[in-house]
Amino acid sequence: MKEKILLNILHEVQDREGYLSEKSLKEISKKYDIPISKLYSVATFYTMLRIKEQGKYVIELCGSPSCVLNKSREIEKFLEKELKIEIGETSKDGLFSVYKTSCIGCCDEAPAMLINGEPYTKLTVKRVKEILGELRKNANT
Amino acid sequence: MQILRETKLEGLKLARKIGRERVLEVLSEKRLIGRGGAGFSVAKKWEIALGVKAKERYVICNADEGEPGTFKDKFILKNNSETMIEGLLIAAYVLGAKRCFIYLRGEYDYLRGELEEKVREVLKESKMKVSIEIVRGAGAYICGEETAILQSMMGNRGNAMYKPPRPTVSGLWGKPTVLNNVETLTCVPQALVYEDWNPDYRLFSISGDVSHPGVYEWELGIKMSTILEVVKPKEKLKAMSFGCFGGIMPVKKNLSISQDTLCKNDCQHGAFSIIFIGERHNVVDICLSIAKFYTYESCGKCTPCREGTIRLVNLLKKIKNRDADEGDVKLLKEFAEHIQETSLCGLGQSCGNHILTSLKHFRKDYREYIK
C-alpha cells in the first residue's frame with residue numbers, strides 16, 4: 001500500500017457508488033492488501049466518508065458561528081420540518097440526507113450549506129424551499 | 001492586493017538562476033513567515049528539511065483551512081492558484097523534492113477540477129520533472145495539523161502525533177517533509193520577484209454581523225476603527241472572536257491588530273479571522289457553537305480533549321438553559337484549563353480559549369443565564 005493515497009481511493013469508490021458499502025470495503029481490502037478493520041477505522045473517522053446508503057442529495061448545513069449569527073438555526077429547523085427527519089437522517093423518499101457540518105468556509109455568505117459538495121449560500125427559508133423544490137423536480141425527471 | 005499579484009513562473013525562473021542557497025537567503029531577508037498561525041520562518045523550515053540526509057523529500061501544500069470564520073485560502077485557490085502552485089514548485093526545487101501534494105479540504109472539493117487543470121498547465125509550462133498530486137480531504141478539521149495531515153495521507157485516521165520528530169525531519173513515509181499552507185506558498189514567488197513585497201500584509205477573513213464581510217488585505221497593526229469603517233457593522237457590536245481558538249474579546253476601536261496587543265487581552269490573531277458579534281447576541285450562545293465545533297472535530301486520541309470537549313458543551317447548554325449556578329461556571333473554567341494543559345495537539349490546547357476569554361470579558365452574559 002506504500003505511497004498510494006488511501007483517501008483518494010475511498011473517495012473514488014464513494015463518488016461511484018454513493019457510499020462505502022461493506023462489499024466495496026472488502027474489495028479495496030483485497031486489492032490493496034489492507035485489513036478490513038483498518039479500512040473501517042479510517043472510513044468512520046472522516047465525516048465526509050459514509051458507510052451507509054445516502055439520499056440522492058446529501059445536504060451539509062454549516063453550524064459554525066458565522067452561520068449561527070446569520071440564522072442558520074432557522075434553516076436547520078425548516079429542513080427538519082420540511083423533510084420530516086432529524087439531522088443525521090435520510091428522508092423517507094430516499095432523496096435527502098441532512099447533516100450539520102463544521103465550517104465550510106462560506107462565512108462571508110452565511111448561512112451556507114453544501115449539497116452533494118456544491119455550495120449554496122446566503123440562505124433563507126424561502127430560498128431553501130425553492131432549492132428543495134428544484135431538486136425534487138430534477139429527481140423526478 | 002499583494003496576494004493577487006501574479007508571478008507567471010518568473011519566481012521559479014529566478015530561483016533556478018540564483019540557486020537554492022540564495023533563495024533561502026532572500027526568503028529570510030524578506031522575512032517570509034508561515035501564515036498558518038504559528039509564524040515560523042519559511043526559510044528556516046526549508047533549511048531544516050534540507051539539512052536532513054535523505055534520498056527523498058516531500059512538499060505538501062496544506063489547503064485544509066477549516067477553522068470557523070476562515071476562508072482566505074479559498075479566496076487564493078479561486079483567484080491566484082497558479083502563483084500558489086509556483087510556490088510549491090520553488091519549494092520542490094529548493095528541497096530537491098520529486099513528489100508534491102496539495103491536501104485539499106473535502107469542503108472545497110468543488111474547486112478541485114479547476115485546480116487540477118491549473119496544476120497541469122503550470123507543470124507543463126515549468127518543465128519541471130516533479131509530480132503534484134491532489135489529496136482529497138474528507139471533512140476532518142484536525143487534518144490541518146501537521147502531524148495529523150501526514151497520518152491522513154499515509155492512510156491512517158487523522159490523529160495528531162507526538163513531536164518530535166517534526167515533519168521536517170521525519171514526515172511523510174518517514175522522509176523529511178515540508179508543509180506550508182496556501183497563503184504561505186503564494187507569498188514565496190511574490191517575495192522573490194517583487195522588490196516592494198511587504199512581509200507585513202495579512203489576509204483577514206471577516207464575517208458575522210457586518211454589512212461587508214469578505215477577505216481583506218491589511219498591514220499588521222491596523223486599527224480596529226479602520227477595519228470597522230470598511231466592513232460596516234450591521235448593529236452595535238459587542239464582541240469579536242478570532243476564529244475559534246483565538247479567543248473572544250470586546251470590540252475596541254483603538255486596538256491595533258498585532259500579536260502584542262491581542263496578547264494583552266488574552267487573545268491571538270491566529271489566521272486573522274474575525275467574527276464580529278452584535279449586541280443582540282449573548283456571547284455564551286456563540287461559545288456553545290464554538291464548543292460544539294471542538295466536540296465534533298476532536299480526533300479522540302487524548303481523553304481530556306475527547307471527553308472534556310463534550311463536558312464543556314454540556315455545561316454551556318446547562319448555562320444557556322438557565323439551569324446552572326456559579327458552581328457550574330467555576331467547573332466550566334476548570335475543565336477548560338485542564339483540557340488545555342493535558343492535550344497533545346493545538347486543537348486540545350486551544351479548545352478552551354473562547355470560554356476562558358469570554359469568562360474574563362463577558363461575565364455579564366454568563367450572569368444573565370445563571371440562576
# chains A, B, ... in the order shown; residues from 1 in each chain; ligands from 1
>>> interface_residues(of="chain A", to="chain B", cutoff="8 Å", atoms="only C-alpha atoms", output="PyMOL selection string")
chain A and resi 2-8+11+38+41-42+45-49+63-70+102-109+114+117-118
>>> write_last_selection(atoms="N, CA and C atoms", output="mmCIF file, in the first residue's frame")
data_model
loop_
_atom_site.group_PDB
_atom_site.id
_atom_site.type_symbol
_atom_site.label_atom_id
_atom_site.label_comp_id
_atom_site.auth_asym_id
_atom_site.auth_seq_id
_atom_site.Cartn_x
_atom_site.Cartn_y
_atom_site.Cartn_z
ATOM 1 N N LYS A 2 2.162 1.098 0.247
ATOM 2 C CA LYS A 2 3.018 2.265 0.405
ATOM 3 C C LYS A 2 2.856 3.249 -0.755
ATOM 4 N N GLU A 3 2.724 4.505 -0.371
ATOM 5 C CA GLU A 3 2.731 5.601 -1.328
ATOM 6 C C GLU A 3 1.509 5.697 -2.222
ATOM 7 N N LYS A 4 0.458 4.965 -1.884
ATOM 8 C CA LYS A 4 -0.817 5.220 -2.573
ATOM 9 C C LYS A 4 -1.694 5.944 -1.573
ATOM 10 N N ILE A 5 -2.433 6.905 -2.046
ATOM 11 C CA ILE A 5 -3.229 7.704 -1.113
ATOM 12 C C ILE A 5 -4.591 7.048 -0.908
ATOM 13 N N LEU A 6 -4.742 6.439 0.258
ATOM 14 C CA LEU A 6 -5.972 5.704 0.563
ATOM 15 C C LEU A 6 -7.212 6.589 0.480
ATOM 16 N N LEU A 7 -7.083 7.834 0.989
ATOM 17 C CA LEU A 7 -8.253 8.732 0.976
ATOM 18 C C LEU A 7 -8.801 8.901 -0.445
ATOM 19 N N ASN A 8 -7.895 9.058 -1.395
ATOM 20 C CA ASN A 8 -8.347 9.242 -2.787
ATOM 21 C C ASN A 8 -9.050 7.991 -3.311
ATOM 22 N N HIS A 11 -12.504 7.929 -1.743
ATOM 23 C CA HIS A 11 -13.359 8.938 -2.376
ATOM 24 C C HIS A 11 -13.857 8.462 -3.743
ATOM 25 N N LYS A 38 -8.930 -1.916 9.448
ATOM 26 C CA LYS A 38 -8.275 -0.619 9.295
ATOM 27 C C LYS A 38 -9.077 0.285 8.344
ATOM 28 N N SER A 41 -11.944 1.589 10.186
ATOM 29 C CA SER A 41 -11.474 2.603 11.141
ATOM 30 C C SER A 41 -11.247 3.951 10.436
ATOM 31 N N VAL A 42 -10.632 3.909 9.267
ATOM 32 C CA VAL A 42 -10.359 5.139 8.521
ATOM 33 C C VAL A 42 -11.671 5.734 7.985
ATOM 34 N N PHE A 45 -13.660 7.592 10.467
ATOM 35 C CA PHE A 45 -13.029 8.772 11.097
ATOM 36 C C PHE A 45 -13.481 10.064 10.419
ATOM 37 N N TYR A 46 -13.659 9.993 9.118
ATOM 38 C CA TYR A 46 -13.922 11.202 8.332
ATOM 39 C C TYR A 46 -15.418 11.390 8.099
ATOM 40 N N THR A 47 -15.900 12.609 8.409
ATOM 41 C CA THR A 47 -17.347 12.822 8.308
ATOM 42 C C THR A 47 -17.841 12.780 6.870
ATOM 43 N N MET A 48 -16.959 13.041 5.906
ATOM 44 C CA MET A 48 -17.429 13.065 4.525
ATOM 45 C C MET A 48 -17.349 11.702 3.845
ATOM 46 N N LEU A 49 -16.835 10.719 4.568
ATOM 47 C CA LEU A 49 -16.897 9.344 4.051
ATOM 48 C C LEU A 49 -18.046 8.661 4.777
ATOM 49 N N GLY A 63 -22.721 24.735 10.663
ATOM 50 C CA GLY A 63 -23.180 25.085 12.013
ATOM 51 C C GLY A 63 -22.188 25.961 12.750
ATOM 52 N N SER A 64 -21.319 26.635 11.998
ATOM 53 C CA SER A 64 -20.283 27.432 12.642
ATOM 54 C C SER A 64 -20.784 28.818 13.044
ATOM 55 N N PRO A 65 -20.026 29.519 13.916
ATOM 56 C CA PRO A 65 -20.523 30.771 14.495
ATOM 57 C C PRO A 65 -21.036 31.785 13.465
ATOM 58 N N SER A 66 -20.323 31.977 12.346
ATOM 59 C CA SER A 66 -20.754 32.995 11.383
ATOM 60 C C SER A 66 -22.119 32.636 10.813
ATOM 61 N N CYS A 67 -22.369 31.348 10.602
ATOM 62 C CA CYS A 67 -23.672 30.918 10.089
ATOM 63 C C CYS A 67 -24.726 31.004 11.186
ATOM 64 N N VAL A 68 -24.342 30.647 12.417
ATOM 65 C CA VAL A 68 -25.286 30.735 13.539
ATOM 66 C C VAL A 68 -25.733 32.194 13.723
ATOM 67 N N LEU A 69 -24.774 33.128 13.631
ATOM 68 C CA LEU A 69 -25.096 34.557 13.757
ATOM 69 C C LEU A 69 -26.056 34.997 12.659
ATOM 70 N N ASN A 70 -25.985 34.329 11.528
ATOM 71 C CA ASN A 70 -26.848 34.672 10.403
ATOM 72 C C ASN A 70 -28.024 33.706 10.255
ATOM 73 N N SER A 102 -19.058 21.221 10.295
ATOM 74 C CA SER A 102 -18.232 22.343 10.752
ATOM 75 C C SER A 102 -18.068 23.309 9.587
ATOM 76 N N CYS A 103 -17.356 24.375 9.839
ATOM 77 C CA CYS A 103 -17.220 25.473 8.866
ATOM 78 C C CYS A 103 -16.900 24.996 7.447
ATOM 79 N N ILE A 104 -17.669 25.482 6.468
ATOM 80 C CA ILE A 104 -17.400 25.129 5.076
ATOM 81 C C ILE A 104 -16.738 26.298 4.339
ATOM 82 N N GLY A 105 -16.316 27.310 5.093
ATOM 83 C CA GLY A 105 -15.553 28.417 4.502
ATOM 84 C C GLY A 105 -16.391 29.369 3.653
ATOM 85 N N CYS A 106 -17.674 29.457 3.953
ATOM 86 C CA CYS A 106 -18.543 30.403 3.240
ATOM 87 C C CYS A 106 -19.061 31.461 4.213
ATOM 88 N N CYS A 107 -18.246 31.782 5.205
ATOM 89 C CA CYS A 107 -18.678 32.655 6.305
ATOM 90 C C CYS A 107 -19.116 34.030 5.824
ATOM 91 N N ASP A 108 -18.551 34.494 4.707
ATOM 92 C CA ASP A 108 -18.934 35.816 4.205
ATOM 93 C C ASP A 108 -20.232 35.754 3.404
ATOM 94 N N GLU A 109 -20.760 34.549 3.210
ATOM 95 C CA GLU A 109 -22.029 34.399 2.502
ATOM 96 C C GLU A 109 -22.985 33.549 3.337
ATOM 97 N N LEU A 114 -23.703 22.774 1.865
ATOM 98 C CA LEU A 114 -23.233 22.064 0.667
ATOM 99 C C LEU A 114 -24.309 21.046 0.288
ATOM 100 N N GLY A 117 -21.708 18.405 -2.264
ATOM 101 C CA GLY A 117 -20.405 19.063 -2.395
ATOM 102 C C GLY A 117 -20.438 20.449 -2.990
ATOM 103 N N GLU A 118 -21.579 20.867 -3.535
ATOM 104 C CA GLU A 118 -21.668 22.208 -4.141
ATOM 105 C C GLU A 118 -22.214 23.211 -3.122
#
>>> select_by_dssp(residues="chain A", states="alpha helix (DSSP H)", output="MDAnalysis selection string")
chainID A and resid 6:17 22:32 36:43 65:69 72:83 125:140
>>> closest_residue(among="B:Val230, B:Ile18, B:Leu50, B:Ile248", to="B:Pro176", atoms="only C-alpha atoms")
B:Leu50
>>> residues_around(residues="B:Leu24", least_positions_apart="3", cutoff="6 Å", atoms="only C-alpha atoms", output="JSON, numbers by chain")
{"B": [21, 27, 43]}
>>> write_last_selection(atoms="C-alpha atoms", output="JSON list (two decimals), in the first residue's frame")
[["chain", "number", "residue", "atom", "x", "y", "z"],
["B", 21, "GLU", "CA", 21.10, 28.74, -1.05],
["B", 27, "LEU", "CA", 13.20, 34.49, 1.76],
["B", 43, "ALA", "CA", 13.48, 29.69, 5.04]]
>>> closest_residue(among="B:Val42, B:Leu115, B:Met240, B:Leu255", to="B:Ala63", atoms="only C-alpha atoms")
B:Leu115
>>> select_by_dssp(residues="stretch 20-72 of chain A", states="strand (DSSP E or B)", output="number ranges by chain")
A: 57-62
>>> write_last_selection(atoms="C-alpha atoms", output="PDB file, in the first residue's frame")
ATOM      1  CA  TYR A  57     -28.854  14.584  -2.272  1.00  0.00           C
ATOM      2  CA  VAL A  58     -26.550  14.903   0.729  1.00  0.00           C
ATOM      3  CA  ILE A  59     -27.124  18.234   2.468  1.00  0.00           C
ATOM      4  CA  GLU A  60     -24.450  19.505   4.846  1.00  0.00           C
ATOM      5  CA  LEU A  61     -25.588  22.570   6.719  1.00  0.00           C
ATOM      6  CA  CYS A  62     -22.850  24.700   8.256  1.00  0.00           C
TER       7      CYS A  62
END
>>> residues_around(residues="B:Val188", least_positions_apart="4", cutoff="9 Å", atoms="only C-alpha atoms", output="JSON, numbers by chain")
{"B": [11, 27, 32, 42, 83, 84, 86, 87, 88, 90, 91, 183, 184, 192, 193]}
>>> atom_distance(atom1="atom CA of A:Lys137", atom2="atom CA of A:Ile51")
27.3 Å
>>> residues_around(residues="B:Glu121", least_positions_apart="2", cutoff="12 Å", atoms="only C-alpha atoms", output="list in words")
Lys8, Leu9, Ser81, Glu82, Thr83, Ile85, Glu86, Glu114, Leu115, Glu116, Glu117, Lys118, Val119, Leu123, Lys124, Glu125, Ser126, Lys127, Met128 and Ile132 of chain B
>>> residues_around(residues="B:Arg31", least_positions_apart="6", cutoff="10 Å", atoms="only C-alpha atoms", output="PyMOL selection string")
chain B and resi 25+41-43+191+198-200
>>> residues_around(residues="B:Tyr194", least_positions_apart="4", cutoff="12 Å", atoms="only C-alpha atoms", output="ChimeraX atom specification")
/B:2-3,5-7,10-11,14,26-27,30,187-190,198-199
>>> write_last_selection(atoms="C-alpha atoms", output="PDB file, in the first residue's frame")
ATOM      1  CA  GLN B   2      -0.448  41.974  -2.944  1.00  0.00           C
ATOM      2  CA  ILE B   3      -1.588  38.349  -2.626  1.00  0.00           C
ATOM      3  CA  ARG B   5      -0.101  39.625  -7.877  1.00  0.00           C
ATOM      4  CA  GLU B   6       0.816  37.027 -10.469  1.00  0.00           C
ATOM      5  CA  THR B   7       4.388  35.922 -10.990  1.00  0.00           C
ATOM      6  CA  GLU B  10       9.241  34.355 -13.009  1.00  0.00           C
ATOM      7  CA  GLY B  11       9.794  33.353  -9.366  1.00  0.00           C
ATOM      8  CA  LEU B  14      14.745  33.369 -10.711  1.00  0.00           C
ATOM      9  CA  VAL B  26      16.240  36.025   0.065  1.00  0.00           C
ATOM     10  CA  LEU B  27      13.195  34.489   1.763  1.00  0.00           C
ATOM     11  CA  LYS B  30      12.310  39.307   3.127  1.00  0.00           C
ATOM     12  CA  CYS B 187       3.888  34.516  -0.994  1.00  0.00           C
ATOM     13  CA  VAL B 188       7.060  32.594  -1.969  1.00  0.00           C
ATOM     14  CA  PRO B 189       7.321  33.620  -5.653  1.00  0.00           C
ATOM     15  CA  GLN B 190       5.892  37.050  -4.860  1.00  0.00           C
ATOM     16  CA  ASN B 198       5.642  43.709   2.031  1.00  0.00           C
ATOM     17  CA  PRO B 199       6.031  40.919   4.649  1.00  0.00           C
TER      18      PRO B 199
END
>>> atom_distance(atom1="atom CA of B:Tyr201", atom2="atom CA of B:Ser28")
16.2 Å
>>> decode(residues="stretch 164-312 of chain B", atoms="C-alpha atoms", output="PDB file, in the first residue's frame")
ATOM      1  CA  PRO B 164       9.498  15.416  17.876  1.00  0.00           C
ATOM      2  CA  PRO B 165      10.221  14.217  15.331  1.00  0.00           C
ATOM      3  CA  ARG B 166       8.839  17.140  13.423  1.00  0.00           C
ATOM      4  CA  PRO B 167       7.695  16.517   9.830  1.00  0.00           C
ATOM      5  CA  THR B 168      10.698  18.454   8.531  1.00  0.00           C
ATOM      6  CA  VAL B 169      12.893  15.710   9.995  1.00  0.00           C
ATOM      7  CA  SER B 170      10.680  12.656   9.640  1.00  0.00           C
ATOM      8  CA  GLY B 171       7.403  13.260   7.864  1.00  0.00           C
ATOM      9  CA  LEU B 172       5.555  11.531   5.074  1.00  0.00           C
ATOM     10  CA  TRP B 173       6.633   7.869   4.908  1.00  0.00           C
ATOM     11  CA  GLY B 174       9.485   8.772   7.268  1.00  0.00           C
ATOM     12  CA  LYS B 175      11.057  11.276   4.886  1.00  0.00           C
ATOM     13  CA  PRO B 176      11.785  14.974   5.546  1.00  0.00           C
ATOM     14  CA  THR B 177       8.626  16.804   4.607  1.00  0.00           C
ATOM     15  CA  VAL B 178       7.868  20.490   4.281  1.00  0.00           C
ATOM     16  CA  LEU B 179       4.308  21.602   4.924  1.00  0.00           C
ATOM     17  CA  ASN B 180       3.235  25.122   4.054  1.00  0.00           C
ATOM     18  CA  ASN B 181      -0.237  26.473   3.634  1.00  0.00           C
ATOM     19  CA  VAL B 182      -1.800  28.077   0.560  1.00  0.00           C
ATOM     20  CA  GLU B 183      -1.136  31.695   1.581  1.00  0.00           C
ATOM     21  CA  THR B 184       2.487  30.992   2.533  1.00  0.00           C
ATOM     22  CA  LEU B 185       3.291  29.232  -0.734  1.00  0.00           C
ATOM     23  CA  THR B 186       1.630  32.002  -2.733  1.00  0.00           C
ATOM     24  CA  CYS B 187       3.888  34.516  -0.994  1.00  0.00           C
ATOM     25  CA  VAL B 188       7.060  32.594  -1.969  1.00  0.00           C
ATOM     26  CA  PRO B 189       7.321  33.620  -5.653  1.00  0.00           C
ATOM     27  CA  GLN B 190       5.892  37.050  -4.860  1.00  0.00           C
ATOM     28  CA  ALA B 191       8.600  37.677  -2.242  1.00  0.00           C
ATOM     29  CA  LEU B 192      11.269  36.557  -4.727  1.00  0.00           C
ATOM     30  CA  VAL B 193      10.039  38.554  -7.705  1.00  0.00           C
ATOM     31  CA  TYR B 194       8.753  41.830  -6.305  1.00  0.00           C
ATOM     32  CA  GLU B 195      11.203  44.297  -4.755  1.00  0.00           C
ATOM     33  CA  ASP B 196       8.397  46.082  -2.933  1.00  0.00           C
ATOM     34  CA  TRP B 197       6.871  42.906  -1.476  1.00  0.00           C
ATOM     35  CA  ASN B 198       5.642  43.709   2.031  1.00  0.00           C
ATOM     36  CA  PRO B 199       6.031  40.919   4.649  1.00  0.00           C
ATOM     37  CA  ASP B 200       3.532  42.568   6.984  1.00  0.00           C
ATOM     38  CA  TYR B 201       0.458  42.273   4.797  1.00  0.00           C
ATOM     39  CA  ARG B 202      -2.015  39.680   6.007  1.00  0.00           C
ATOM     40  CA  LEU B 203      -5.252  38.335   4.646  1.00  0.00           C
ATOM     41  CA  PHE B 204      -8.159  38.844   7.020  1.00  0.00           C
ATOM     42  CA  SER B 205     -11.363  36.781   6.836  1.00  0.00           C
ATOM     43  CA  ILE B 206     -14.166  38.981   8.109  1.00  0.00           C
ATOM     44  CA  SER B 207     -17.632  37.655   8.916  1.00  0.00           C
ATOM     45  CA  GLY B 208     -20.507  37.908  11.360  1.00  0.00           C
ATOM     46  CA  ASP B 209     -22.722  40.909  12.000  1.00  0.00           C
ATOM     47  CA  VAL B 210     -21.219  43.256   9.407  1.00  0.00           C
ATOM     48  CA  SER B 211     -22.546  44.530   6.090  1.00  0.00           C
ATOM     49  CA  HIS B 212     -19.378  43.881   4.094  1.00  0.00           C
ATOM     50  CA  PRO B 213     -17.933  40.519   5.120  1.00  0.00           C
ATOM     51  CA  GLY B 214     -15.169  39.079   2.962  1.00  0.00           C
ATOM     52  CA  VAL B 215     -11.420  38.698   2.508  1.00  0.00           C
ATOM     53  CA  TYR B 216      -9.351  41.842   3.019  1.00  0.00           C
ATOM     54  CA  GLU B 217      -5.624  42.512   2.924  1.00  0.00           C
ATOM     55  CA  TRP B 218      -4.320  44.800   5.631  1.00  0.00           C
ATOM     56  CA  GLU B 219      -0.993  45.547   7.205  1.00  0.00           C
ATOM     57  CA  LEU B 220      -0.198  44.190  10.662  1.00  0.00           C
ATOM     58  CA  GLY B 221      -1.009  46.774  13.300  1.00  0.00           C
ATOM     59  CA  ILE B 222      -4.106  48.042  11.503  1.00  0.00           C
ATOM     60  CA  LYS B 223      -6.510  49.893  13.795  1.00  0.00           C
ATOM     61  CA  MET B 224      -9.875  48.352  14.559  1.00  0.00           C
ATOM     62  CA  SER B 225     -11.548  51.683  13.758  1.00  0.00           C
ATOM     63  CA  THR B 226     -10.222  51.431  10.177  1.00  0.00           C
ATOM     64  CA  ILE B 227     -11.474  47.859   9.857  1.00  0.00           C
ATOM     65  CA  LEU B 228     -14.929  48.854  11.118  1.00  0.00           C
ATOM     66  CA  GLU B 229     -15.152  51.741   8.645  1.00  0.00           C
ATOM     67  CA  VAL B 230     -14.661  49.263   5.815  1.00  0.00           C
ATOM     68  CA  VAL B 231     -16.744  46.299   6.974  1.00  0.00           C
ATOM     69  CA  LYS B 232     -19.632  48.405   8.333  1.00  0.00           C
ATOM     70  CA  PRO B 233     -21.234  46.826  11.400  1.00  0.00           C
ATOM     71  CA  LYS B 234     -24.919  45.987  10.915  1.00  0.00           C
ATOM     72  CA  GLU B 235     -25.614  46.870  14.519  1.00  0.00           C
ATOM     73  CA  LYS B 236     -23.725  47.901  17.634  1.00  0.00           C
ATOM     74  CA  LEU B 237     -21.016  45.296  18.112  1.00  0.00           C
ATOM     75  CA  LYS B 238     -20.458  43.546  21.381  1.00  0.00           C
ATOM     76  CA  ALA B 239     -17.622  41.171  20.719  1.00  0.00           C
ATOM     77  CA  MET B 240     -15.193  39.739  18.208  1.00  0.00           C
ATOM     78  CA  SER B 241     -13.975  36.183  18.031  1.00  0.00           C
ATOM     79  CA  PHE B 242     -10.623  35.434  16.436  1.00  0.00           C
ATOM     80  CA  GLY B 243     -11.647  32.353  14.526  1.00  0.00           C
ATOM     81  CA  CYS B 244     -12.370  29.755  17.150  1.00  0.00           C
ATOM     82  CA  PHE B 245      -9.149  29.314  19.012  1.00  0.00           C
ATOM     83  CA  GLY B 246      -8.020  32.945  19.171  1.00  0.00           C
ATOM     84  CA  GLY B 247     -10.455  33.898  21.901  1.00  0.00           C
ATOM     85  CA  ILE B 248     -13.313  36.384  22.245  1.00  0.00           C
ATOM     86  CA  MET B 249     -12.924  39.991  23.348  1.00  0.00           C
ATOM     87  CA  PRO B 250     -14.819  43.288  23.240  1.00  0.00           C
ATOM     88  CA  VAL B 251     -14.570  45.366  20.055  1.00  0.00           C
ATOM     89  CA  LYS B 252     -12.202  48.216  20.917  1.00  0.00           C
ATOM     90  CA  LYS B 253     -11.876  50.896  18.276  1.00  0.00           C
ATOM     91  CA  ASN B 254      -8.373  51.901  19.330  1.00  0.00           C
ATOM     92  CA  LEU B 255      -6.999  48.381  19.294  1.00  0.00           C
ATOM     93  CA  SER B 256      -4.340  47.712  16.684  1.00  0.00           C
ATOM     94  CA  ILE B 257      -4.170  44.141  15.446  1.00  0.00           C
ATOM     95  CA  SER B 258      -0.832  42.655  16.384  1.00  0.00           C
ATOM     96  CA  GLN B 259       0.409  39.766  18.481  1.00  0.00           C
ATOM     97  CA  ASP B 260       1.351  42.008  21.427  1.00  0.00           C
ATOM     98  CA  THR B 261      -1.863  43.999  21.651  1.00  0.00           C
ATOM     99  CA  LEU B 262      -4.019  40.899  21.383  1.00  0.00           C
ATOM    100  CA  CYS B 263      -1.926  39.040  23.960  1.00  0.00           C
ATOM    101  CA  LYS B 264      -2.775  41.785  26.455  1.00  0.00           C
ATOM    102  CA  ASN B 265      -6.405  40.763  26.004  1.00  0.00           C
ATOM    103  CA  ASP B 266      -5.545  37.048  26.245  1.00  0.00           C
ATOM    104  CA  CYS B 267      -6.336  36.625  22.554  1.00  0.00           C
ATOM    105  CA  GLN B 268      -4.354  35.504  19.500  1.00  0.00           C
ATOM    106  CA  HIS B 269      -4.815  36.553  15.904  1.00  0.00           C
ATOM    107  CA  GLY B 270      -4.242  33.037  14.527  1.00  0.00           C
ATOM    108  CA  ALA B 271      -5.080  33.108  10.817  1.00  0.00           C
ATOM    109  CA  PHE B 272      -6.566  36.632  11.102  1.00  0.00           C
ATOM    110  CA  SER B 273     -10.196  35.558  11.040  1.00  0.00           C
ATOM    111  CA  ILE B 274     -12.515  37.932  12.847  1.00  0.00           C
ATOM    112  CA  ILE B 275     -16.129  37.039  13.534  1.00  0.00           C
ATOM    113  CA  PHE B 276     -17.993  40.131  14.708  1.00  0.00           C
ATOM    114  CA  ILE B 277     -20.802  39.557  17.162  1.00  0.00           C
ATOM    115  CA  GLY B 278     -23.635  42.068  17.515  1.00  0.00           C
ATOM    116  CA  GLU B 279     -25.062  43.312  20.758  1.00  0.00           C
ATOM    117  CA  ARG B 280     -28.324  41.343  20.491  1.00  0.00           C
ATOM    118  CA  HIS B 281     -26.403  38.072  20.975  1.00  0.00           C
ATOM    119  CA  ASN B 282     -25.367  36.527  24.239  1.00  0.00           C
ATOM    120  CA  VAL B 283     -21.689  35.516  23.991  1.00  0.00           C
ATOM    121  CA  VAL B 284     -22.491  32.231  25.757  1.00  0.00           C
ATOM    122  CA  ASP B 285     -24.533  31.172  22.702  1.00  0.00           C
ATOM    123  CA  ILE B 286     -21.558  31.788  20.424  1.00  0.00           C
ATOM    124  CA  CYS B 287     -19.301  29.919  22.861  1.00  0.00           C
ATOM    125  CA  LEU B 288     -21.687  26.982  22.673  1.00  0.00           C
ATOM    126  CA  SER B 289     -21.458  26.950  18.884  1.00  0.00           C
ATOM    127  CA  ILE B 290     -17.643  27.029  19.108  1.00  0.00           C
ATOM    128  CA  ALA B 291     -17.613  24.341  21.797  1.00  0.00           C
ATOM    129  CA  LYS B 292     -19.740  22.081  19.572  1.00  0.00           C
ATOM    130  CA  PHE B 293     -17.166  22.529  16.836  1.00  0.00           C
ATOM    131  CA  TYR B 294     -14.393  21.195  19.087  1.00  0.00           C
ATOM    132  CA  THR B 295     -16.512  18.228  20.160  1.00  0.00           C
ATOM    133  CA  TYR B 296     -17.158  17.437  16.541  1.00  0.00           C
ATOM    134  CA  GLU B 297     -13.539  17.812  15.489  1.00  0.00           C
ATOM    135  CA  SER B 298     -11.609  16.277  18.376  1.00  0.00           C
ATOM    136  CA  CYS B 299      -9.746  13.313  16.889  1.00  0.00           C
ATOM    137  CA  GLY B 300     -10.390  11.322  20.058  1.00  0.00           C
ATOM    138  CA  LYS B 301      -6.801  10.438  20.818  1.00  0.00           C
ATOM    139  CA  CYS B 302      -6.405  12.340  24.117  1.00  0.00           C
ATOM    140  CA  THR B 303      -9.019  11.610  26.764  1.00  0.00           C
ATOM    141  CA  PRO B 304      -9.130  15.173  28.174  1.00  0.00           C
ATOM    142  CA  CYS B 305      -9.969  16.552  24.737  1.00  0.00           C
ATOM    143  CA  ARG B 306     -12.272  13.723  23.620  1.00  0.00           C
ATOM    144  CA  GLU B 307     -14.333  13.645  26.819  1.00  0.00           C
ATOM    145  CA  GLY B 308     -13.658  17.169  28.059  1.00  0.00           C
ATOM    146  CA  THR B 309     -14.982  18.926  24.974  1.00  0.00           C
ATOM    147  CA  ILE B 310     -18.275  17.049  25.457  1.00  0.00           C
ATOM    148  CA  ARG B 311     -18.399  18.156  29.100  1.00  0.00           C
ATOM    149  CA  LEU B 312     -17.814  21.762  28.012  1.00  0.00           C
TER     150      LEU B 312
END
